[in-house]
>>> print(open('upload06.cif').read())   # mmCIF, C-alpha atoms and all ligand atoms
data_query
loop_
_atom_site.label_atom_id
_atom_site.label_comp_id
_atom_site.auth_asym_id
_atom_site.auth_seq_id
_atom_site.Cartn_x
_atom_site.Cartn_y
_atom_site.Cartn_z
CA MET A 11 8.94 -21.20 11.11
CA ASN A 12 8.79 -19.49 7.77
CA PRO A 13 8.92 -22.22 5.06
CA VAL A 14 11.27 -20.06 2.98
CA LEU A 15 13.77 -19.96 5.78
CA THR A 16 13.45 -23.66 6.54
CA ARG A 17 14.28 -24.31 2.95
CA PHE A 18 17.38 -22.15 3.05
CA SER A 19 18.56 -23.61 6.30
CA VAL A 20 18.86 -27.16 4.92
CA MET A 21 20.96 -26.16 1.91
CA SER A 22 24.58 -27.04 1.75
CA PRO A 23 26.78 -23.97 2.26
CA VAL A 24 28.76 -24.97 -0.84
CA ARG A 25 25.68 -24.45 -3.03
CA LEU A 26 24.63 -21.17 -1.50
CA PRO A 27 26.66 -18.76 -3.65
CA ILE A 28 25.19 -20.16 -6.87
CA ILE A 29 21.56 -19.68 -5.89
CA SER A 30 20.10 -16.94 -8.04
CA MET A 31 18.92 -13.78 -6.31
CA ARG A 32 15.70 -13.96 -8.31
CA PHE A 33 14.84 -17.24 -6.65
CA ILE A 34 15.46 -15.71 -3.24
CA TYR A 35 13.22 -12.74 -3.70
CA LEU A 36 10.47 -14.72 -5.39
CA GLU A 37 10.43 -17.04 -2.43
CA VAL A 38 10.44 -14.15 0.03
CA ASN A 39 7.61 -12.46 -1.85
CA MET A 40 5.46 -15.58 -1.88
CA ALA A 41 5.95 -15.97 1.84
CA LEU A 42 5.04 -12.31 2.35
CA VAL A 43 1.87 -12.60 0.29
CA ARG A 44 0.85 -15.60 2.42
CA LYS A 45 1.64 -13.60 5.53
CA SER A 46 -0.23 -10.49 4.41
CA ASN A 47 -3.29 -12.64 3.63
CA ALA A 48 -3.07 -14.04 7.14
CA ILE A 49 -2.90 -10.51 8.50
CA CYS A 50 -5.96 -9.48 6.48
CA ARG A 51 -7.80 -12.47 7.94
CA ARG A 52 -6.81 -11.34 11.43
CA VAL A 53 -8.08 -7.82 10.68
CA MET A 54 -11.40 -9.26 9.57
CA LYS A 55 -11.66 -11.31 12.74
CA THR A 56 -11.24 -8.16 14.80
CA LEU A 57 -13.98 -6.47 12.82
CA GLN A 58 -16.42 -9.25 13.50
CA PRO A 59 -17.82 -8.16 16.85
CA LEU A 60 -18.52 -4.75 15.34
CA SER A 61 -20.22 -6.42 12.38
CA SER A 62 -22.45 -8.53 14.53
CA ALA A 63 -23.35 -5.45 16.54
CA VAL A 64 -24.75 -3.83 13.43
CA ALA A 65 -25.95 -7.03 11.82
CA PRO A 66 -28.73 -8.51 13.86
CA SER A 67 -29.44 -12.16 13.31
CA GLY A 68 -32.73 -13.97 13.77
CA PRO A 69 -36.06 -12.15 13.41
CA GLU A 70 -34.48 -8.68 13.51
CA SER A 71 -32.35 -9.48 10.52
CA SER A 72 -35.24 -9.68 8.07
CA GLN A 73 -36.50 -6.37 9.45
CA ALA A 74 -33.06 -4.85 8.93
CA GLN A 75 -33.02 -6.20 5.39
CA ALA A 76 -36.42 -4.76 4.68
CA GLN A 77 -35.18 -1.34 5.79
CA CYS A 78 -32.50 -1.52 3.17
CA GLY A 79 -34.62 -1.45 0.05
CA ASP A 80 -32.12 0.83 -1.68
CA ARG A 81 -29.56 -1.97 -1.52
CA GLN A 82 -31.72 -4.08 -3.75
CA ALA A 83 -32.29 -1.07 -6.00
CA TYR A 84 -28.55 -0.90 -6.67
CA GLY A 85 -28.37 -4.65 -7.12
CA TRP A 86 -26.03 -5.08 -4.16
CA VAL A 87 -25.52 -8.32 -2.39
CA SER A 88 -26.91 -7.41 1.01
CA SER A 89 -24.07 -6.11 3.08
CA ARG A 90 -25.32 -7.95 6.12
CA SER A 91 -25.41 -11.29 4.34
CA LEU A 92 -21.65 -10.92 3.92
CA HIS A 93 -21.21 -10.15 7.57
CA GLY A 94 -20.01 -13.64 8.47
CA PHE A 95 -16.86 -11.97 7.28
CA LYS A 96 -14.29 -14.41 8.60
CA ARG A 97 -13.06 -14.57 5.03
CA PRO A 98 -14.46 -11.77 2.95
CA ASN A 99 -15.04 -12.92 -0.58
CA LEU A 100 -13.01 -10.30 -2.38
CA HIS A 101 -14.24 -11.55 -5.74
CA VAL A 102 -17.86 -10.82 -4.83
CA ILE A 103 -16.92 -7.41 -3.42
CA ARG A 104 -14.92 -6.65 -6.54
CA ASN A 105 -17.93 -7.29 -8.77
CA GLN A 106 -20.04 -4.96 -6.67
CA LEU A 107 -17.44 -2.18 -6.56
CA ALA A 108 -16.85 -2.39 -10.32
CA ARG A 109 -20.42 -1.18 -10.89
CA PHE A 110 -19.51 2.27 -9.62
CA GLU A 111 -17.99 3.68 -12.77
CA GLY A 112 -15.80 6.71 -13.21
CA GLY A 113 -12.09 7.37 -13.43
CA SER A 114 -9.29 4.86 -13.74
CA VAL A 115 -6.01 3.87 -12.15
CA ASP A 116 -3.24 3.57 -14.71
CA LEU A 117 0.20 1.99 -14.60
CA GLU A 118 3.35 2.70 -16.59
CA LYS A 119 6.39 0.50 -16.00
CA ASN A 120 9.77 1.77 -17.12
CA SER A 121 12.11 -1.18 -17.44
CA ASP A 122 15.08 1.10 -18.15
CA ASN A 123 15.13 2.84 -14.77
CA GLY A 124 13.05 0.22 -12.90
CA ILE A 125 10.46 2.77 -11.76
CA ALA A 126 6.72 2.33 -12.24
CA ILE A 127 4.20 5.18 -12.07
CA LEU A 128 0.73 4.46 -10.70
CA THR A 129 -1.67 7.29 -11.58
CA LEU A 130 -5.07 7.93 -10.02
CA ASN A 131 -7.07 9.39 -12.81
CA ASN A 132 -10.33 11.15 -11.95
CA PRO A 133 -9.14 14.74 -12.17
CA ARG A 134 -12.57 16.39 -12.47
CA ARG A 135 -13.20 15.14 -8.93
CA MET A 136 -9.66 15.65 -7.67
CA ASN A 137 -8.87 11.95 -8.21
CA SER A 138 -11.29 10.84 -5.51
CA MET A 139 -11.84 7.10 -5.82
CA THR A 140 -14.84 5.35 -7.31
CA GLY A 141 -15.50 1.63 -6.88
CA LYS A 142 -14.13 1.02 -10.36
CA MET A 143 -10.89 2.79 -9.45
CA MET A 144 -10.51 0.52 -6.42
CA VAL A 145 -10.81 -2.50 -8.70
CA ASP A 146 -8.34 -0.97 -11.16
CA MET A 147 -5.88 -0.32 -8.37
CA ALA A 148 -6.11 -3.92 -7.15
CA ASP A 149 -5.38 -5.13 -10.70
CA LYS A 150 -2.39 -2.83 -11.07
CA VAL A 151 -0.95 -4.01 -7.75
CA SER A 152 -1.33 -7.61 -8.99
CA GLU A 153 0.55 -6.61 -12.13
CA LEU A 154 3.32 -5.07 -10.03
CA GLU A 155 3.58 -8.26 -7.96
CA GLU A 156 4.59 -9.97 -11.21
CA TRP A 157 7.04 -7.27 -12.31
CA HIS A 158 10.39 -8.75 -11.43
CA GLU A 159 12.56 -6.09 -13.07
CA GLY A 160 11.21 -3.24 -10.94
CA LYS A 161 12.93 -1.33 -8.19
CA ALA A 162 10.47 1.38 -7.23
CA LEU A 163 6.97 2.76 -7.57
CA ILE A 164 5.60 6.29 -7.51
CA MET A 165 1.91 6.78 -6.72
CA ARG A 166 0.50 10.08 -7.90
CA GLY A 167 -2.72 11.72 -9.01
CA ALA A 168 -3.46 13.26 -12.40
CA ASP A 169 -3.41 17.05 -12.79
CA GLY A 170 -1.91 18.20 -9.53
CA ASN A 171 -3.90 16.57 -6.69
CA LEU A 172 -3.08 13.17 -5.23
CA CYS A 173 -6.61 12.25 -4.11
CA THR A 174 -9.43 13.66 -1.98
CA GLY A 175 -10.60 10.27 -0.64
CA GLY A 176 -13.73 8.44 -1.62
CA ASP A 177 -15.63 9.91 -4.57
CA LEU A 178 -18.62 11.35 -2.74
CA THR A 179 -21.02 10.28 -5.49
CA PHE A 180 -19.87 6.71 -4.93
CA VAL A 181 -19.81 7.15 -1.14
CA ARG A 182 -23.45 8.28 -1.06
CA LYS A 183 -24.57 5.19 -2.97
CA ALA A 184 -22.41 2.76 -1.00
CA LEU A 185 -23.27 3.75 2.56
CA HIS A 186 -24.40 0.19 3.35
CA TYR A 187 -21.20 -1.35 2.03
CA GLY A 188 -18.48 0.09 4.27
CA GLU A 189 -16.90 -3.04 5.69
CA GLU A 190 -16.79 -4.70 2.31
CA MET A 191 -15.11 -1.69 0.69
CA ALA A 192 -12.66 -1.49 3.59
CA ALA A 193 -11.81 -5.20 3.26
CA TYR A 194 -11.12 -4.76 -0.43
CA GLN A 195 -8.96 -1.67 0.09
CA HIS A 196 -7.10 -3.28 3.01
CA ASP A 197 -6.15 -6.19 0.79
CA THR A 198 -4.99 -3.96 -2.09
CA LEU A 199 -3.09 -1.48 0.07
CA THR A 200 -1.41 -4.18 2.17
CA ARG A 201 -0.24 -5.84 -1.03
CA LEU A 202 0.96 -2.46 -2.31
CA LEU A 203 2.88 -1.68 0.88
CA ASN A 204 4.51 -5.11 0.82
CA LEU A 205 5.64 -5.05 -2.81
CA PRO A 206 9.37 -5.65 -3.16
CA LEU A 207 9.51 -2.16 -4.67
CA ILE A 208 10.43 1.01 -2.83
CA SER A 209 7.23 3.00 -2.97
CA VAL A 210 6.75 6.75 -2.82
CA ALA A 211 3.53 8.75 -2.74
CA LEU A 212 3.77 12.07 -4.53
CA VAL A 213 1.64 14.30 -2.30
CA GLN A 214 0.35 17.14 -4.45
CA GLY A 215 -2.52 19.60 -4.19
CA HIS A 216 -5.31 18.32 -1.96
CA THR A 217 -4.43 14.99 -0.32
CA LEU A 218 -7.33 14.49 2.03
CA GLY A 219 -9.23 11.73 3.84
CA GLY A 220 -8.75 8.50 1.90
CA GLY A 221 -6.10 10.30 -0.19
CA ALA A 222 -3.97 10.78 2.92
CA GLU A 223 -4.67 7.12 3.74
CA LEU A 224 -3.36 6.02 0.35
CA SER A 225 -0.14 7.93 0.95
CA THR A 226 0.52 5.84 4.07
CA ALA A 227 0.46 2.68 1.95
CA CYS A 228 3.80 3.76 0.46
CA ASP A 229 7.21 3.56 2.10
CA PHE A 230 7.91 7.27 1.60
CA ARG A 231 6.02 10.49 0.96
CA VAL A 232 7.43 13.32 -1.15
CA MET A 233 5.40 16.52 -0.89
CA SER A 234 4.93 19.42 -3.22
CA SER A 235 5.59 22.79 -1.57
CA SER A 236 2.02 23.83 -2.42
CA ALA A 237 0.27 20.66 -1.18
CA LYS A 238 -1.91 20.04 1.87
CA ILE A 239 -2.42 16.73 3.62
CA GLY A 240 -5.00 15.82 6.26
CA PHE A 241 -6.90 12.90 7.73
CA VAL A 242 -10.27 14.65 7.74
CA GLN A 243 -12.37 11.50 8.15
CA ILE A 244 -13.43 12.32 11.72
CA LYS A 245 -14.99 15.55 10.46
CA MET A 246 -17.06 13.45 8.07
CA GLY A 247 -18.26 11.22 10.93
CA LEU A 248 -15.94 8.42 9.93
CA SER A 249 -12.96 6.51 11.17
CA THR A 250 -10.31 5.53 8.63
CA ALA A 251 -11.71 3.38 5.83
CA TRP A 252 -8.54 2.24 4.12
CA GLY A 253 -6.25 1.12 6.94
CA ALA A 254 -4.44 4.34 7.84
CA ALA A 255 -4.92 4.09 11.61
CA THR A 256 -2.89 0.88 11.60
CA ARG A 257 -0.25 2.17 9.21
CA LEU A 258 0.02 5.63 10.79
CA THR A 259 0.53 4.16 14.25
CA ARG A 260 3.41 2.08 12.91
CA LEU A 261 4.79 5.04 11.05
CA LEU A 262 4.56 7.77 13.68
CA GLY A 263 3.71 6.06 16.96
CA ARG A 264 0.61 6.27 19.04
CA ARG A 265 0.61 9.96 20.09
CA LYS A 266 1.08 11.43 16.66
CA ALA A 267 -1.37 9.01 15.08
CA ILE A 268 -4.08 9.96 17.57
CA ASP A 269 -3.27 13.62 17.09
CA LEU A 270 -3.53 13.56 13.29
CA LEU A 271 -6.61 11.35 13.21
CA CYS A 272 -8.58 13.05 15.99
CA SER A 273 -7.73 16.67 15.20
CA ALA A 274 -8.41 16.36 11.43
CA LYS A 275 -5.75 19.04 11.04
CA ILE A 276 -4.61 19.77 7.52
CA LEU A 277 -0.84 20.05 7.35
CA LEU A 278 1.26 22.26 5.12
CA PRO A 279 4.62 20.83 3.99
CA ASP A 280 6.80 22.20 6.82
CA ALA A 281 4.47 20.82 9.49
CA ALA A 282 4.12 17.49 7.67
CA LEU A 283 7.90 17.18 7.52
CA ARG A 284 8.27 18.13 11.19
CA GLU A 285 5.70 15.50 12.20
CA GLY A 286 7.61 12.86 10.22
CA LEU A 287 4.62 12.26 7.96
CA VAL A 288 6.54 13.23 4.83
CA ASP A 289 10.16 12.64 3.97
CA TYR A 290 11.05 15.33 1.48
CA ILE A 291 9.60 18.61 0.25
CA LEU A 292 10.10 19.32 -3.42
CA PRO A 293 11.80 22.60 -4.27
CA ARG A 294 9.38 25.50 -4.70
CA GLY A 295 8.67 26.25 -8.35
CA SER A 296 9.63 22.78 -9.64
CA GLU A 297 8.45 22.55 -13.22
CA ASP A 298 8.02 18.79 -13.26
CA GLU A 299 7.36 17.37 -9.80
CA LEU A 300 7.04 13.79 -11.05
CA GLU A 301 10.47 14.02 -12.65
CA GLU A 302 11.89 15.62 -9.45
CA THR A 303 10.45 12.73 -7.42
CA THR A 304 11.92 10.19 -9.84
CA GLN A 305 15.33 11.83 -9.51
CA TRP A 306 15.02 11.91 -5.70
CA LEU A 307 14.30 8.18 -5.75
CA LEU A 308 17.11 7.35 -8.15
CA ARG A 309 19.58 9.47 -6.18
CA ASN A 310 18.68 8.26 -2.71
CA LEU A 311 17.15 4.82 -2.83
CA CYS A 312 17.63 3.18 -6.20
CA ALA A 313 21.34 3.55 -6.85
CA TYR A 314 22.29 -0.09 -6.38
CA ASP A 315 21.57 -3.58 -7.71
CA THR A 316 17.88 -4.23 -8.43
CA ASN A 317 17.73 -7.73 -6.95
CA ILE A 318 19.45 -6.75 -3.74
CA THR A 319 17.25 -3.67 -3.38
CA ARG A 320 14.20 -5.95 -3.70
CA VAL A 321 15.58 -8.44 -1.18
CA VAL A 322 16.30 -5.65 1.31
CA LYS A 323 12.79 -4.22 0.92
CA SER A 324 11.32 -7.71 1.41
CA LEU A 325 13.41 -8.20 4.53
CA VAL A 326 12.14 -4.98 6.04
CA VAL A 327 8.56 -6.05 5.27
CA SER A 328 9.24 -9.45 6.80
CA ALA A 329 10.67 -7.82 9.93
CA GLU A 330 7.61 -5.61 10.27
CA LEU A 331 5.12 -8.40 9.59
CA SER A 332 6.70 -10.93 11.87
CA MET A 333 6.79 -8.41 14.71
CA ASP A 334 9.14 -10.90 16.30
CA HIS A 335 12.59 -9.49 16.76
CA TYR A 336 14.33 -12.86 16.85
CA GLN A 337 12.50 -14.26 13.85
CA ALA A 338 13.33 -11.11 11.89
CA LEU A 339 17.01 -11.38 12.79
CA ASP A 340 16.96 -15.04 11.84
CA ALA A 341 15.60 -14.16 8.38
CA GLU A 342 18.09 -11.35 8.05
CA ARG A 343 21.03 -13.62 8.92
CA LYS A 344 19.95 -16.38 6.56
CA LEU A 345 19.33 -14.13 3.58
CA PHE A 346 22.52 -12.20 4.26
CA GLY A 347 24.30 -15.56 4.04
CA GLN A 348 23.04 -15.84 0.46
CA THR A 349 24.28 -12.43 -0.66
CA TRP A 350 27.67 -12.91 1.03
CA GLY A 351 30.05 -14.34 -1.55
CA GLY A 352 27.46 -13.93 -4.31
CA PRO A 353 28.20 -12.59 -7.79
CA VAL A 354 27.37 -8.97 -7.00
CA GLN A 355 29.58 -8.81 -3.92
CA ARG A 356 32.44 -10.49 -5.80
CA LYS A 357 32.14 -7.99 -8.63
CA MET A 358 32.18 -5.06 -6.20
CA LEU A 359 35.18 -6.47 -4.33
CA GLU A 360 37.04 -6.80 -7.61
CA ALA A 361 36.18 -3.20 -8.48
CA ASN A 362 37.81 -2.14 -5.19
CA VAL A 363 35.08 0.47 -4.57
CA LYS A 364 35.86 3.38 -2.25
CA HIS A 365 32.85 4.93 -0.50
CA LYS A 366 33.91 8.56 -0.65
C1 LIG B 401 -13.29 7.14 2.13
C2 LIG B 401 -13.24 8.07 3.30
C3 LIG B 401 -12.15 7.63 4.26
O1 LIG B 401 -10.97 7.67 3.98
O2 LIG B 401 -12.51 7.23 5.36
C4 LIG B 401 -12.97 9.51 2.86
O3 LIG B 401 -12.14 9.71 2.02
S1 LIG B 401 -13.80 10.73 3.61
C5 LIG B 401 -13.21 12.19 2.82
C6 LIG B 401 -13.98 12.45 1.52
N1 LIG B 401 -13.48 13.66 0.89
C7 LIG B 401 -14.00 14.86 1.10
O4 LIG B 401 -14.94 15.04 1.89
C8 LIG B 401 -13.47 16.02 0.27
C9 LIG B 401 -14.58 16.98 -0.11
N2 LIG B 401 -14.08 18.05 -0.94
C10 LIG B 401 -13.52 19.15 -0.44
O5 LIG B 401 -13.36 19.34 0.78
C11 LIG B 401 -13.13 20.20 -1.43
O6 LIG B 401 -13.61 19.85 -2.72
C12 LIG B 401 -11.61 20.42 -1.51
C13 LIG B 401 -10.86 19.11 -1.74
C14 LIG B 401 -11.07 21.07 -0.23
C15 LIG B 401 -11.27 21.33 -2.72
O7 LIG B 401 -12.00 22.57 -2.61
P1 LIG B 401 -11.92 23.63 -3.81
O8 LIG B 401 -12.82 24.75 -3.42
O9 LIG B 401 -10.49 23.93 -4.12
O10 LIG B 401 -12.49 22.87 -5.07
P2 LIG B 401 -13.95 22.29 -5.33
O11 LIG B 401 -14.63 21.98 -4.05
O12 LIG B 401 -14.64 23.20 -6.27
O13 LIG B 401 -13.58 20.90 -6.03
C16 LIG B 401 -13.37 20.77 -7.43
C17 LIG B 401 -14.29 19.68 -7.92
O14 LIG B 401 -13.84 18.43 -7.37
C18 LIG B 401 -14.92 17.79 -6.74
N3 LIG B 401 -14.45 16.94 -5.65
C19 LIG B 401 -13.43 17.16 -4.82
N4 LIG B 401 -13.31 16.16 -3.95
C20 LIG B 401 -14.29 15.29 -4.22
C21 LIG B 401 -14.70 14.05 -3.68
N5 LIG B 401 -14.06 13.47 -2.65
N6 LIG B 401 -15.73 13.40 -4.27
C22 LIG B 401 -16.39 13.95 -5.33
N7 LIG B 401 -16.06 15.13 -5.86
C23 LIG B 401 -15.03 15.79 -5.32
C24 LIG B 401 -15.78 18.96 -6.25
O15 LIG B 401 -17.09 18.55 -5.97
C25 LIG B 401 -15.70 19.88 -7.44
O16 LIG B 401 -16.53 19.40 -8.46
P3 LIG B 401 -17.65 20.34 -9.15
O17 LIG B 401 -16.82 21.45 -9.76
O18 LIG B 401 -18.32 19.47 -10.16
O19 LIG B 401 -18.52 20.81 -8.05
#
>>> encode(input="upload06.cif", output="structure tokens")
Amino acid sequence: MNPVLTRFSVMSPVRLPIISMRFIYLEVNMALVRKSNAICRRVMKTLQPLSSAVAPSGPESSQAQAQCGDRQAYGWVSSRSLHGFKRPNLHVIRNQLARFEGGSVDLEKNSDNGIAILTLNNPRRMNSMTGKMMVDMADKVSELEEWHEGKALIMRGADGNLCTGGDLTFVRKALHYGEEMAAYQHDTLTRLLNLPLISVALVQGHTLGGGAELSTACDFRVMSSSAKIGFVQIKMGLSTAWGAATRLTRLLGRRKAIDLLCSAKILLPDAALREGLVDYILPRGSEDELEETTQWLLRNLCAYDTNITRVVKSLVVSAELSMDHYQALDAERKLFGQTWGGPVQRKMLEANVKHK
């Protein structure tokens, strides 16, 4: 049983209306972080047989290490020595990734409208991600986890492209470090997806490979009428590095996920909308697509009370993570019980709102 829910269930009904909404969503978020860590651990466990297949132990292991002289040249901790991998040490991986300089990931939080903008900034290389950018992104997600006034997040790339995946200069130097990079990105992107903020990826220009993967770590995708999106990894001899197979299957179901991942097709906006991969196409000729996306968010998803919006988002995450219909309904009922009769509902009842 979720400790948050146990705690709520023993409270006297008389005290419930005076519990602050902030307390509720903080508690829910903490429980979700614990849960997402548990999920990451499960993912790592699944990876293990694959790791041991490529990581010989015993006499072969020293031979394998010797073949990897270039690892030492880059000062890497040997990938294979991390292959115990039950609990990847994200701190060690972080230090290794940070050595691959280039670009940045920047965050602006607007407390007036409650919307934060996360910008991938490596425009000379179409915002493809270096190791340093991965570390930056993890830090910005941590900052957002502490931003209690926020309602929503837009992820975008600088200068008209969202992202074209891994920065190939970085990729070429990090070929021995795939599982570690994936573990790091899985942690960051799971935390991003589970933020109590409604998240939107602004799909512009080329959104390819890992860039398309990043877009699936948001709740919604808004697409520029001139953009292209495609999971081209299979063409590069890769499966998805940053968790998109898992997220895409949840998002679109098995058939469409297999189709997009195995065909490597690059979709134009109409096709992406038809497939259900994107949610809205920006009007052709928009002068400021970021502003259009902000307005779309404010109009459609951010019109109501910040705390309740955050609680609702957390509930949806909890429902998805628990994957147990009854447990999800239990959480929904108990948290609903806290909003019912609370200050916001009372205010709205007094205002006698008509939903015309
Ligand atoms: C992590 C992994 C995964 O998810 O599993 C992946 O992401 S695998 C997927 C990795 N991504 C890719 O393979 C994308 C490779 N790039 C491309 O296909 C192409 O660049 C397009 C994105 C279609 C754009 O072609 P277009 O002809 O319009 O422009 P361009 O090729 O001149 O690109 C402009 C500049 O951006 C650079 N550039 C673009 N994408 C890059 C990338 N991922 N890494 C490093 N540099 C990149 C180009 O080299 C070029 O730099 P210069 O002007 O200096 O030459």
>>> closest_residue(input="upload06.cif", among="A:Ala168, A:Ala341, A:Val213, A:Leu128", to="A:Leu278", atoms="only C-alpha atoms")
A:Val213
>>> axis_aligned_box(input="upload06.cif", around="ligand LIG 401 (chain B)", padding_each_side="8 Å", output="AutoDock Vina command-line options")
--center_x -14.5 --center_y 15.9 --center_z -2.4 --size_x 24.0 --size_y 33.6 --size_z 31.5
>>> residues_near_ligand(input="upload06.cif", ligand="ligand LIG 401 (chain B)", cutoff="7 Å", atoms="all atoms listed in the file", output="ChimeraX atom specification")
/A:134-136,138,174-179,216,218-221,223,242-243,246,248-252
>>> closest_residue(input="upload06.cif", among="A:Asn105, A:Asp149, A:Glu299, A:Met143", to="A:Arg166", atoms="all atoms listed in the file")
A:Glu299
>>> residues_around(input="upload06.cif", residues="A:Val151", least_positions_apart="5", cutoff="8 Å", atoms="only C-alpha atoms", output="PyMOL selection string")
chain A and resi 198+201-202
>>> closest_residue(input="upload06.cif", among="A:Leu359, A:Leu203, A:Cys272, A:Leu311", to="A:Glu330", atoms="all atoms listed in the file")
A:Leu203
>>> closest_residue(input="upload06.cif", among="A:Arg104, A:Arg320, A:Lys142, A:Lys150", to="A:Thr129", atoms="all atoms listed in the file")
A:Lys150
>>> closest_residue(input="upload06.cif", among="A:Cys228, A:Val354, A:Leu199, A:Met165", to="A:Ile125", atoms="only C-alpha atoms")
A:Met165
>>> closest_residue(input="upload06.cif", among="A:Arg284, A:Phe241, A:Lys344, A:Ile103", to="A:Asp269", atoms="all atoms listed in the file")
A:Phe241
>>> atom_distance(input="upload06.cif", atom1="atom CA of A:Ser328", atom2="atom CA of A:Asn123")
25.5 Å
>>> residues_around(input="upload06.cif", residues="A:Leu163", least_positions_apart="6", cutoff="6 Å", atoms="only C-alpha atoms", output="list in words")
Ile125, Ala126, Ile127 and Ser209 of chain A
>>> residues_around(input="upload06.cif", residues="A:Val210", least_positions_apart="6", cutoff="9 Å", atoms="all atoms listed in the file", output="list in words")
Ala162, Leu163, Ile164, Met165, Arg166, Ser225, Ala227, Cys228, Asp229, Phe230, Arg231, Val232, Thr303 and Leu307 of chain A
>>> atom_distance(input="upload06.cif", atom1="atom CA of A:Gly247", atom2="atom CA of A:Asp280")
27.7 Å
>>> atom_distance(input="upload06.cif", atom1="atom CA of A:Arg257", atom2="atom CA of A:Leu283")
17.2 Å
>>> build_atoms(input="upload06.cif", residues="stretch 128-140 of chain A", atoms="N, CA and C atoms", output="JSON list (two decimals), in the coordinates of the input")
[["chain", "number", "residue", "atom", "x", "y", "z"],
["A", 128, "LEU", "N", 2.14, 4.81, -10.87],
["A", 128, "LEU", "CA", 0.73, 4.46, -10.70],
["A", 128, "LEU", "C", -0.05, 5.77, -10.60],
["A", 129, "THR", "N", -0.97, 5.99, -11.54],
["A", 129, "THR", "CA", -1.67, 7.29, -11.58],
["A", 129, "THR", "C", -3.15, 7.14, -11.29],
["A", 130, "LEU", "N", -3.62, 7.87, -10.28],
["A", 130, "LEU", "CA", -5.07, 7.93, -10.02],
["A", 130, "LEU", "C", -5.64, 8.97, -10.97],
["A", 131, "ASN", "N", -6.63, 8.56, -11.71],
["A", 131, "ASN", "CA", -7.07, 9.39, -12.81],
["A", 131, "ASN", "C", -8.58, 9.66, -12.74],
["A", 132, "ASN", "N", -8.93, 10.71, -12.00],
["A", 132, "ASN", "CA", -10.33, 11.15, -11.95],
["A", 132, "ASN", "C", -10.27, 12.65, -11.66],
["A", 133, "PRO", "N", -9.54, 13.38, -12.53],
["A", 133, "PRO", "CA", -9.14, 14.74, -12.17],
["A", 133, "PRO", "C", -10.31, 15.71, -11.97],
["A", 134, "ARG", "N", -11.42, 15.48, -12.65],
["A", 134, "ARG", "CA", -12.57, 16.39, -12.47],
["A", 134, "ARG", "C", -13.06, 16.36, -11.02],
["A", 135, "ARG", "N", -12.80, 15.26, -10.34],
["A", 135, "ARG", "CA", -13.20, 15.14, -8.93],
["A", 135, "ARG", "C", -11.97, 14.96, -8.05],
["A", 136, "MET", "N", -10.92, 15.63, -8.44],
["A", 136, "MET", "CA", -9.66, 15.65, -7.67],
["A", 136, "MET", "C", -9.16, 14.24, -7.35],
["A", 137, "ASN", "N", -9.36, 13.33, -8.30],
["A", 137, "ASN", "CA", -8.87, 11.95, -8.21],
["A", 137, "ASN", "C", -9.44, 11.18, -7.02],
["A", 138, "SER", "N", -10.61, 11.63, -6.54],
["A", 138, "SER", "CA", -11.29, 10.84, -5.51],
["A", 138, "SER", "C", -11.64, 9.49, -6.14],
["A", 139, "MET", "N", -11.76, 8.46, -5.28],
["A", 139, "MET", "CA", -11.84, 7.10, -5.82],
["A", 139, "MET", "C", -13.25, 6.57, -5.92],
["A", 140, "THR", "N", -13.59, 6.08, -7.09],
["A", 140, "THR", "CA", -14.84, 5.35, -7.31],
["A", 140, "THR", "C", -14.58, 3.86, -7.04]]
